[in-house]
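This is model_9.tsv. It holds TSV, C-alpha atoms.
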chain	number	residue	atom	x	y	z
Q	25	MET	CA	106.42	-86.42	20.33
Q	26	SER	CA	108.51	-87.90	17.58
Q	27	VAL	CA	110.35	-90.40	19.81
Q	28	LEU	CA	107.27	-91.78	21.59
Q	29	PRO	CA	106.77	-94.84	19.30
Q	30	TYR	CA	110.42	-95.83	19.71
Q	31	LEU	CA	110.18	-95.39	23.48
Q	32	ILE	CA	107.08	-97.62	23.52
Q	33	ALA	CA	108.95	-100.29	21.56
Q	34	GLY	CA	111.86	-100.06	23.99
Q	35	TRP	CA	109.55	-100.17	27.01
Q	36	LEU	CA	107.71	-103.24	25.69
Q	37	PHE	CA	111.03	-105.00	25.15
Q	38	VAL	CA	112.38	-104.18	28.62
Q	39	ILE	CA	109.16	-104.97	30.49
Q	40	GLY	CA	108.86	-108.28	28.60
Q	41	LEU	CA	112.45	-109.14	29.43
Q	42	TYR	CA	111.84	-108.30	33.09
Q	43	GLY	CA	108.90	-110.70	33.01
Q	44	VAL	CA	111.08	-113.46	31.56
Q	45	VAL	CA	113.79	-112.91	34.18
Q	46	SER	CA	111.44	-112.77	37.17
Q	47	SER	CA	109.03	-115.46	35.94
Q	48	ARG	CA	107.73	-118.09	38.37
Q	49	ASN	CA	105.77	-120.03	35.76
Q	50	TYR	CA	106.59	-121.10	32.23
Q	51	MET	CA	103.09	-120.17	30.98
Q	52	HIS	CA	103.71	-116.63	32.21
Q	53	LEU	CA	107.15	-116.70	30.59
Q	54	ILE	CA	105.67	-117.44	27.16
Q	55	GLY	CA	103.25	-114.54	27.63
Q	56	CYS	CA	106.23	-112.29	28.35
Q	57	LEU	CA	107.98	-113.61	25.25
Q	58	THR	CA	105.04	-112.50	23.08
Q	59	VAL	CA	105.24	-109.05	24.73
Q	60	ILE	CA	108.90	-108.85	23.68
Q	61	GLN	CA	107.87	-109.91	20.20
Q	62	SER	CA	105.22	-107.22	19.97
Q	63	SER	CA	107.90	-104.61	20.65
Q	64	THR	CA	109.41	-105.56	17.29
Q	65	TYR	CA	106.05	-104.94	15.59
Q	66	VAL	CA	105.84	-101.43	17.07
Q	67	LEU	CA	109.44	-100.67	16.13
Q	68	LEU	CA	109.09	-101.90	12.54
Q	69	LEU	CA	105.81	-100.08	11.91
Q	70	ALA	CA	107.19	-96.89	13.48
Q	71	ILE	CA	110.25	-96.98	11.23
Q	72	GLY	CA	108.11	-97.37	8.12
Q	73	TYR	CA	105.62	-94.59	8.92
Q	74	HIS	CA	105.78	-91.38	6.90
Q	75	GLU	CA	103.80	-88.37	8.03
Q	76	GLY	CA	100.93	-87.37	5.75
Q	77	ARG	CA	101.30	-90.32	3.37
Q	78	PRO	CA	98.46	-92.84	2.87
Q	79	ALA	CA	98.56	-96.62	3.32
Q	80	PRO	CA	100.49	-98.52	0.59
Q	81	ILE	CA	97.25	-99.94	-0.79
Q	82	PHE	CA	96.05	-98.14	-3.90
Q	83	SER	CA	92.60	-99.62	-4.38
Q	84	ASP	CA	90.75	-96.46	-3.34
Q	85	HIS	CA	93.31	-93.73	-3.92
Q	86	PRO	CA	95.77	-93.18	-6.80
Q	87	SER	CA	99.20	-94.75	-6.44
Q	88	GLY	CA	102.02	-92.51	-5.36
Q	89	PRO	CA	104.23	-91.97	-2.33
Q	90	ALA	CA	102.95	-93.98	0.63
Q	91	VAL	CA	104.26	-95.42	3.90
Q	92	ASP	CA	106.83	-98.19	3.66
Q	93	PRO	CA	105.20	-101.52	2.61
Q	94	VAL	CA	108.33	-103.62	3.24
Q	95	VAL	CA	108.21	-103.38	7.04
Q	96	GLN	CA	104.46	-103.98	7.01
Q	97	ALA	CA	105.00	-107.21	5.06
Q	98	LEU	CA	107.62	-108.24	7.63
Q	99	VAL	CA	105.23	-107.62	10.53
Q	100	LEU	CA	102.45	-109.52	8.76
Q	101	THR	CA	104.42	-112.74	8.44
Q	102	ASP	CA	105.91	-112.22	11.88
Q	103	VAL	CA	102.48	-112.21	13.53
Q	104	VAL	CA	101.37	-115.50	11.97
Q	105	VAL	CA	104.66	-117.28	12.54
Q	106	GLY	CA	104.78	-115.91	16.10
Q	107	ALA	CA	101.41	-117.47	16.84
Q	108	ALA	CA	102.58	-120.85	15.55
Q	109	VAL	CA	105.80	-120.68	17.56
Q	110	SER	CA	103.85	-119.76	20.72
Q	111	ALA	CA	101.76	-122.89	20.16
Q	112	LEU	CA	104.95	-124.95	19.92
Q	113	LEU	CA	106.26	-123.46	23.16
Q	114	LEU	CA	102.96	-124.10	24.93
Q	115	THR	CA	103.25	-127.74	23.84
Q	116	LEU	CA	106.63	-127.96	25.55
Q	117	VAL	CA	105.08	-126.47	28.70
Q	118	LEU	CA	102.30	-129.04	28.59
Q	119	GLN	CA	104.78	-131.91	28.36
Q	120	LEU	CA	106.88	-130.41	31.14
Q	121	LYS	CA	103.86	-130.27	33.45
Q	122	LYS	CA	103.05	-133.90	32.67
Q	123	ARG	CA	106.56	-135.19	33.25
Q	124	ARG	CA	107.81	-133.06	36.13
Q	125	GLY	CA	104.57	-131.89	37.73
Q	126	THR	CA	105.70	-128.27	38.05
Q	127	LEU	CA	106.16	-125.20	35.87
Q	128	ASP	CA	108.39	-123.18	38.19
Q	129	PRO	CA	111.75	-122.56	36.45
Q	130	ASP	CA	113.54	-122.61	39.81
Q	131	GLU	CA	112.24	-126.01	40.80
Q	132	LEU	CA	113.27	-127.38	37.42
Q	133	SER	CA	116.90	-126.34	37.62
Q	134	PRO	CA	119.33	-129.21	36.92
Q	135	GLU	CA	120.95	-129.28	40.36
Q	136	ARG	CA	117.69	-130.34	42.00
Q	137	ASP	CA	117.45	-133.59	40.06
U	6	MET	CA	120.86	-119.08	40.12
U	7	SER	CA	118.37	-117.69	42.60
U	8	ARG	CA	115.63	-115.26	41.64
U	9	THR	CA	117.25	-112.34	43.49
U	10	ALA	CA	120.58	-112.99	41.78
U	11	ARG	CA	118.85	-113.04	38.41
U	12	LEU	CA	117.07	-109.76	39.11
U	13	VAL	CA	120.29	-108.08	40.29
U	14	LEU	CA	122.01	-109.24	37.11
U	15	PHE	CA	119.06	-108.02	35.03
U	16	PHE	CA	119.12	-104.51	36.48
U	17	ALA	CA	122.90	-104.35	36.25
U	18	ALA	CA	122.62	-105.27	32.58
U	19	LEU	CA	119.90	-102.64	32.12
U	20	LEU	CA	122.29	-99.95	33.39
U	21	VAL	CA	124.49	-100.70	30.37
U	22	ALA	CA	121.77	-101.61	27.86
U	23	VAL	CA	119.45	-98.61	28.35
U	24	PRO	CA	122.06	-95.92	27.53
U	25	LEU	CA	123.21	-97.98	24.54
U	26	GLY	CA	119.59	-98.37	23.41
U	27	ILE	CA	118.95	-94.62	23.69
U	28	LEU	CA	122.16	-94.01	21.74
U	29	GLY	CA	120.79	-96.33	19.03
U	30	LEU	CA	117.41	-94.58	19.01
U	31	ILE	CA	119.09	-91.22	18.41
U	32	GLY	CA	120.56	-92.62	15.20
U	33	LEU	CA	117.16	-93.69	13.84
U	34	PRO	CA	115.30	-91.45	11.39
U	35	SER	CA	112.85	-89.31	13.38
U	36	PHE	CA	109.33	-90.71	13.54
U	37	GLY	CA	107.23	-89.87	10.48
U	38	HIS	CA	110.19	-89.39	8.13
U	39	HIS	CA	111.31	-92.83	7.02
U	40	VAL	CA	114.27	-93.09	4.67
U	41	SER	CA	113.77	-96.52	3.07
U	42	THR	CA	114.42	-96.21	-0.66
U	43	TYR	CA	113.32	-99.83	-1.15
U	44	GLY	CA	109.79	-99.12	0.12
U	45	ASP	CA	109.52	-95.91	-1.91
U	46	VAL	CA	110.55	-97.71	-5.11
U	47	VAL	CA	107.98	-100.46	-4.46
U	48	ASP	CA	105.27	-97.84	-3.89
U	49	ALA	CA	106.19	-95.94	-7.05
U	50	MET	CA	106.57	-98.88	-9.47
U	51	GLY	CA	104.50	-101.70	-7.96
U	52	THR	CA	101.18	-101.05	-9.65
U	53	ASP	CA	102.71	-100.61	-13.11
U	54	LEU	CA	104.99	-103.62	-12.79
U	55	ARG	CA	102.57	-106.23	-11.42
U	56	HIS	CA	99.07	-104.73	-11.83
U	57	VAL	CA	98.24	-105.08	-8.12
U	58	THR	CA	97.08	-102.39	-5.71
U	59	ASN	CA	98.14	-103.93	-2.38
U	60	MET	CA	101.85	-103.17	-2.08
U	61	VAL	CA	102.19	-105.23	1.09
U	62	ALA	CA	101.01	-108.32	-0.81
U	63	LEU	CA	103.39	-107.40	-3.64
U	64	VAL	CA	106.33	-107.37	-1.23
U	65	THR	CA	105.25	-110.56	0.54
U	66	PHE	CA	104.45	-112.70	-2.49
U	67	ASP	CA	106.47	-111.23	-5.34
U	68	VAL	CA	109.40	-109.00	-4.45
U	69	ARG	CA	110.34	-111.07	-1.40
U	70	GLY	CA	108.43	-114.22	-2.39
U	71	PHE	CA	111.33	-116.48	-1.54
U	72	ASP	CA	111.42	-115.20	2.06
U	73	THR	CA	107.74	-116.01	2.41
U	74	LEU	CA	108.52	-119.58	1.33
U	75	GLY	CA	110.83	-119.68	4.34
U	76	GLU	CA	108.03	-118.37	6.57
U	77	GLU	CA	105.77	-121.09	5.23
U	78	PHE	CA	108.30	-123.71	6.28
U	79	ILE	CA	108.62	-122.16	9.75
U	80	LEU	CA	104.84	-122.41	10.10
U	81	PHE	CA	104.83	-125.96	8.72
U	82	SER	CA	107.57	-127.17	11.04
U	83	ALA	CA	105.98	-125.45	14.06
U	84	VAL	CA	102.69	-127.25	13.39
U	85	THR	CA	104.57	-130.54	12.84
U	86	GLY	CA	106.45	-129.96	16.08
U	87	VAL	CA	103.24	-129.35	18.06
U	88	THR	CA	101.69	-132.50	16.61
U	89	MET	CA	104.70	-134.70	17.26
U	90	LEU	CA	105.33	-133.45	20.81
U	91	LEU	CA	101.71	-133.87	21.84
U	92	ARG	CA	101.24	-137.23	20.17
U	93	GLY	CA	104.43	-138.60	21.64
U	94	ASP	CA	102.62	-139.33	24.89
U	95	ARG	CA	99.16	-139.87	23.62
U	96	GLY	CA	99.58	-142.05	20.55
U	97	GLU	CA	98.40	-141.49	17.01
U	98	GLY	CA	94.72	-142.07	17.57
U	99	THR	CA	92.18	-139.28	17.56
U	100	SER	CA	88.64	-139.65	18.75
U	101	ALA	CA	85.45	-137.72	18.33
U	102	ASP	CA	84.61	-138.16	22.00
U	103	PRO	CA	87.23	-136.21	23.88
U	104	VAL	CA	86.22	-135.76	27.47
U	105	ARG	CA	87.18	-138.99	29.18
U	106	ILE	CA	88.99	-137.60	32.17
U	107	PRO	CA	86.76	-138.67	35.05
U	108	HIS	CA	86.85	-135.56	37.23
U	109	ARG	CA	86.10	-133.22	34.32
U	110	ARG	CA	82.43	-132.53	33.75
U	111	ARG	CA	80.96	-131.99	30.32
U	112	GLU	CA	79.15	-128.69	30.32
U	113	GLY	CA	76.13	-127.98	28.16
U	114	ARG	CA	75.84	-124.91	25.99
U	115	SER	CA	73.15	-122.29	26.04
U	116	GLU	CA	70.99	-121.97	22.94
U	117	ALA	CA	72.12	-118.39	22.51
U	118	VAL	CA	75.71	-119.53	22.01
U	119	THR	CA	74.70	-122.20	19.50
U	120	GLY	CA	72.46	-119.81	17.61
U	121	THR	CA	75.05	-117.04	17.45
U	122	ALA	CA	77.79	-119.44	16.36
U	123	ARG	CA	75.57	-120.89	13.61
U	124	TRP	CA	75.13	-117.40	12.18
U	125	LEU	CA	78.67	-116.18	12.76
U	126	GLY	CA	80.50	-119.34	11.63
U	127	PRO	CA	79.50	-119.30	7.94
U	128	MET	CA	79.74	-115.49	7.81
U	129	THR	CA	83.28	-115.61	9.19
U	130	LEU	CA	84.20	-118.37	6.73
U	131	LEU	CA	82.88	-116.27	3.85
U	132	PHE	CA	84.78	-113.24	5.11
U	133	GLY	CA	87.98	-115.30	5.33
U	134	ILE	CA	87.59	-116.45	1.72
U	135	TYR	CA	86.86	-112.86	0.66
U	136	VAL	CA	89.95	-111.55	2.42
U	137	THR	CA	92.07	-114.25	0.77
U	138	LEU	CA	90.73	-113.73	-2.75
U	139	HIS	CA	91.13	-109.95	-2.60
U	140	GLY	CA	94.63	-110.18	-1.17
U	141	GLN	CA	96.27	-108.43	-4.11
U	142	LEU	CA	93.70	-105.59	-4.17
U	143	THR	CA	92.71	-104.59	-0.65
U	144	PRO	CA	94.17	-105.15	2.83
U	145	GLY	CA	94.33	-108.89	3.41
U	146	GLY	CA	95.85	-111.97	1.84
U	147	GLY	CA	96.63	-115.57	2.57
U	148	PHE	CA	97.96	-115.16	6.09
U	149	GLN	CA	95.05	-113.05	7.30
U	150	GLY	CA	92.41	-114.98	5.35
U	151	GLY	CA	93.75	-118.33	6.56
U	152	SER	CA	93.63	-117.20	10.19
U	153	ILE	CA	90.04	-116.00	9.76
U	154	ILE	CA	89.02	-119.32	8.16
U	155	ALA	CA	90.58	-121.19	11.08
U	156	ALA	CA	88.64	-118.93	13.47
U	157	ALA	CA	85.44	-119.74	11.57
U	158	THR	CA	85.90	-123.47	12.14
U	159	LEU	CA	86.54	-122.79	15.82
U	160	LEU	CA	83.16	-121.02	15.93
U	161	ILE	CA	81.61	-124.32	14.78
U	162	TYR	CA	83.31	-125.96	17.77
U	163	LEU	CA	81.92	-123.27	20.06
U	164	GLY	CA	78.38	-123.73	18.80
U	165	GLU	CA	78.11	-127.44	18.06
U	166	GLY	CA	80.49	-129.01	20.54
U	167	TYR	CA	83.53	-131.15	20.02
U	168	PRO	CA	82.05	-134.34	18.46
U	169	ALA	CA	80.07	-132.40	15.85
U	170	TRP	CA	83.05	-130.19	15.12
U	171	ARG	CA	85.25	-133.22	14.48
U	172	LYS	CA	82.60	-134.64	12.14
U	173	ILE	CA	82.42	-131.42	10.11
U	174	VAL	CA	86.11	-130.52	10.17
U	175	ARG	CA	87.87	-133.79	9.31
U	176	SER	CA	91.48	-133.93	10.38
U	177	VAL	CA	92.37	-135.67	7.09
U	178	LEU	CA	91.11	-132.58	5.28
U	179	LEU	CA	93.18	-130.32	7.52
U	180	ASP	CA	96.35	-132.34	6.90
U	181	LEU	CA	95.61	-132.26	3.16
U	182	SER	CA	94.92	-128.52	3.23
U	183	GLU	CA	98.13	-127.72	5.05
U	184	ALA	CA	100.32	-129.96	2.88
U	185	ALA	CA	98.62	-128.78	-0.32
U	186	GLY	CA	99.11	-125.15	0.69
U	187	VAL	CA	102.85	-125.50	1.17
U	188	GLY	CA	103.01	-127.72	-1.95
U	189	ILE	CA	101.23	-125.13	-4.10
U	190	TYR	CA	103.74	-122.50	-3.02
U	191	LEU	CA	106.71	-124.75	-3.79
U	192	VAL	CA	105.44	-125.97	-7.17
U	193	ALA	CA	104.16	-122.56	-8.27
U	194	GLY	CA	107.72	-121.39	-7.79
U	195	LEU	CA	109.11	-124.23	-9.90
U	196	VAL	CA	106.81	-123.69	-12.91
U	197	PRO	CA	108.60	-120.53	-14.16
U	198	LEU	CA	111.81	-122.60	-14.35
U	199	LEU	CA	110.24	-124.61	-17.21
U	200	ALA	CA	109.79	-121.37	-19.15
U	201	GLY	CA	113.41	-120.41	-18.61
U	202	ALA	CA	112.70	-117.85	-15.88
U	203	THR	CA	114.01	-117.85	-12.31
U	204	TYR	CA	112.39	-119.47	-9.24
U	205	LEU	CA	109.11	-117.76	-8.23
U	206	GLU	CA	109.40	-115.23	-11.09
U	207	ASN	CA	106.02	-113.75	-11.96
U	208	ILE	CA	105.66	-114.67	-15.65
U	209	LEU	CA	101.91	-115.38	-15.69
U	210	PRO	CA	99.58	-112.92	-17.48
U	211	LEU	CA	99.11	-110.00	-15.11
U	212	GLY	CA	95.48	-109.14	-15.85
U	213	GLU	CA	93.73	-105.83	-15.35
U	214	VAL	CA	94.51	-103.55	-12.41
U	215	GLY	CA	91.76	-103.95	-9.83
U	216	SER	CA	90.34	-107.26	-11.08
U	217	LEU	CA	90.17	-110.41	-8.98
U	218	LEU	CA	92.59	-112.27	-11.26
U	219	SER	CA	95.24	-109.56	-11.49
U	220	GLY	CA	98.78	-110.03	-10.27
U	221	GLY	CA	99.73	-113.26	-12.11
U	222	LEU	CA	101.34	-115.56	-9.54
U	223	ILE	CA	100.27	-113.53	-6.47
U	224	PRO	CA	96.66	-114.84	-6.12
U	225	ILE	CA	97.90	-118.44	-6.50
U	226	LEU	CA	100.49	-118.01	-3.76
U	227	ASN	CA	97.87	-116.26	-1.62
U	228	ALA	CA	95.54	-119.24	-1.95
U	229	GLY	CA	98.37	-121.64	-1.08
U	230	VAL	CA	99.27	-119.68	2.04
U	231	ALA	CA	95.60	-119.45	3.10
U	232	LEU	CA	95.22	-123.25	2.82
U	233	ALA	CA	98.41	-123.84	4.78
U	234	VAL	CA	97.56	-121.35	7.54
U	235	ALA	CA	93.95	-122.49	7.94
U	236	GLY	CA	94.93	-126.18	7.98
U	237	GLY	CA	97.85	-125.57	10.31
U	238	PHE	CA	95.97	-123.51	12.89
U	239	CYS	CA	93.04	-125.93	12.93
U	240	SER	CA	95.41	-128.87	13.39
U	241	ILE	CA	97.02	-127.12	16.35
U	242	ALA	CA	93.58	-126.55	17.90
U	243	ILE	CA	92.63	-130.22	17.45
U	244	GLU	CA	95.90	-131.48	18.90
U	245	PHE	CA	95.48	-129.31	22.00
U	246	LEU	CA	91.85	-130.37	22.46
U	247	GLU	CA	92.80	-134.03	22.10
U	248	GLU	CA	94.87	-133.50	25.23
U	249	THR	CA	91.67	-133.52	27.26
U	250	ARG	CA	91.21	-137.25	26.80
U	251	GLU	CA	93.25	-140.11	28.10
U	252	PRO	CA	94.87	-142.59	25.69
U	253	ASN	CA	92.87	-145.66	24.69
U	254	GLU	CA	93.88	-149.06	26.06
U	255	ASP	CA	95.42	-150.18	22.76
U	256	GLU	CA	97.50	-147.02	22.28
U	257	THR	CA	100.83	-146.44	23.93
In structure tokens, what does this structure look like?
Amino acid sequence: MSVLPYLIAGWLFVIGLYGVVSSRNYMHLIGCLTVIQSSTYVLLLAIGYHEGRPAPIFSDHPSGPAVDPVVQALVLTDVVVGAAVSALLLTLVLQLKKRRGTLDPDELSPERD
Amino acid sequence: MSRTARLVLFFAALLVAVPLGILGLIGLPSFGHHVSTYGDVVDAMGTDLRHVTNMVALVTFDVRGFDTLGEEFILFSAVTGVTMLLRGDRGEGTSADPVRIPHRRREGRSEAVTGTARWLGPMTLLFGIYVTLHGQLTPGGGFQGGSIIAAATLLIYLGEGYPAWRKIVRSVLLDLSEAAGVGIYLVAGLVPLLAGATYLENILPLGEVGSLLSGGLIPILNAGVALAVAGGFCSIAIEFLEETREPNEDET
């Protein structure tokens, strides 16, 4: 199954996007956004994987061909920054709830003001 | 736009996007046979060039060190944004006695939770420092270590309760730690300029392969990132927990 990891990445992206589109609550929407983000992790790691090669960390085995370290470094920073950005978005949700009293995207549309 | 209209639009868009996506997937190298020359070159030359064994840390803090500076600023501005947005309503003050919302009860903790957290907290802190210090050798580094250190301080909160946590983990220290972390990264990049090298160039002595001080600039940058991440994540936790209290009379 050589396409399975790519299909999983695609599925995570689409199901996350469906969640964003059909969301009834901004909290739920941020959860869906992190699902979309995790599809990029799967995709990046899948692209960098090389069959039969060890991890690119040579502390317990001699250095030589290994899986791609560049995409792994990208995913690493992505995870931490993603967590911080989720916190920022949750802050916006908190303020929204305080000011408007609701988190339903439909009730917050501009024409209902 | 109503929810049904949005869903219809979504599925209509999928009809176009899914075939295009599959077309794109066909063009990718098949799984398990990556074709990135960049990664292969890093794997082949990294240990000889920089005397480190963790190639991921080499990419993050040396080869693409400047990109990581950008990531640091994203983290820094996200934490600043959280703080500013939450404090906008609540005022600048922070208090060690958070639960002042009348209808919210203050629950006690069982002794098992306190006991477990007292054991796990220091252990987790130690593990976080270990992961940070060995960043250039084994899996780990500043980002991972910093997150683990932040988790360790949250275990103190779990075991000792909010007032004790705020006494142990001072928010001044967190601000200092975060600012110092980003500052270390910035300044460590500037120092090579004085020696006539380029920004963030690794001109420090590289040390022995496998030793704690190998890698020249990499352990310093790792420490900076760990300080910034630990301080930043703890600050976010404090700002969210401060939301459980109402503003004082003298604050606006």
Please indicate the distance in Å from atom CA of Gly113 of chain U to atom CA of Leu160 of chain U, rounded to one decimal place. 15.7 Å
I need the contact residues of chain U against chain Q, so if you could list those with any atom within 6 Å, counting only C-alpha atoms, and return them as an MDAnalysis selection string, that would help. chainID U and resid 36:39 44 49 58:61 65 80 83 87
Could you turn the residues from that selection into a file that holds C-alpha atoms, as a PDB file, in the coordinates of the input?
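Saved result, out_15.pdb, follows:
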ATOM      1  CA  PHE U  36     109.330 -90.710  13.540  1.00  0.00           C
ATOM      2  CA  GLY U  37     107.230 -89.870  10.480  1.00  0.00           C
ATOM      3  CA  HIS U  38     110.190 -89.390   8.130  1.00  0.00           C
ATOM      4  CA  HIS U  39     111.310 -92.830   7.020  1.00  0.00           C
ATOM      5  CA  GLY U  44     109.790 -99.120   0.120  1.00  0.00           C
ATOM      6  CA  ALA U  49     106.190 -95.940  -7.050  1.00  0.00           C
ATOM      7  CA  THR U  58      97.080-102.390  -5.710  1.00  0.00           C
ATOM      8  CA  ASN U  59      98.140-103.930  -2.380  1.00  0.00           C
ATOM      9  CA  MET U  60     101.850-103.170  -2.080  1.00  0.00           C
ATOM     10  CA  VAL U  61     102.190-105.230   1.090  1.00  0.00           C
ATOM     11  CA  THR U  65     105.250-110.560   0.540  1.00  0.00           C
ATOM     12  CA  LEU U  80     104.840-122.410  10.100  1.00  0.00           C
ATOM     13  CA  ALA U  83     105.980-125.450  14.060  1.00  0.00           C
ATOM     14  CA  VAL U  87     103.240-129.350  18.060  1.00  0.00           C
TER      15      VAL U  87
END
Around segment 156-162 of chain U, with edges along x, y and z and 6 Å added on all six sides, what centre and edge lengths do you get, in Å to one decimal, as AutoDock Vina command-line options?
--center_x 85.1 --center_y -122.4 --center_z 14.7 --size_x 19.0 --size_y 19.0 --size_z 18.2
Could you pull the residues within 8 Å of segment 197-210 of chain U, counting all atoms listed in the file, minus those fewer than 3 positions along the same chain, as a list in words? Asp67, Gly70, Phe71, Ala193, Gly194, Gly220, Gly221, Leu222 and Ile223 of chain U
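Restricting the calculation to only C-alpha atoms, the smallest distance between Thr143 of chain U and any of U:Ile225, U:Ile241, U:Ile31, U:Ser216 is found for U:Ser216.
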Which residues come within 9 Å of Ser219 of chain U, counting all atoms listed in the file, excluding same-chain residues fewer than 3 positions away, as a list in words? Arg55, His56, Val57, Gln141, Leu142, Pro210, Leu211, Gly212, Glu213, Val214, Gly215, Ser216, Leu222, Ile223 and Pro224 of chain U
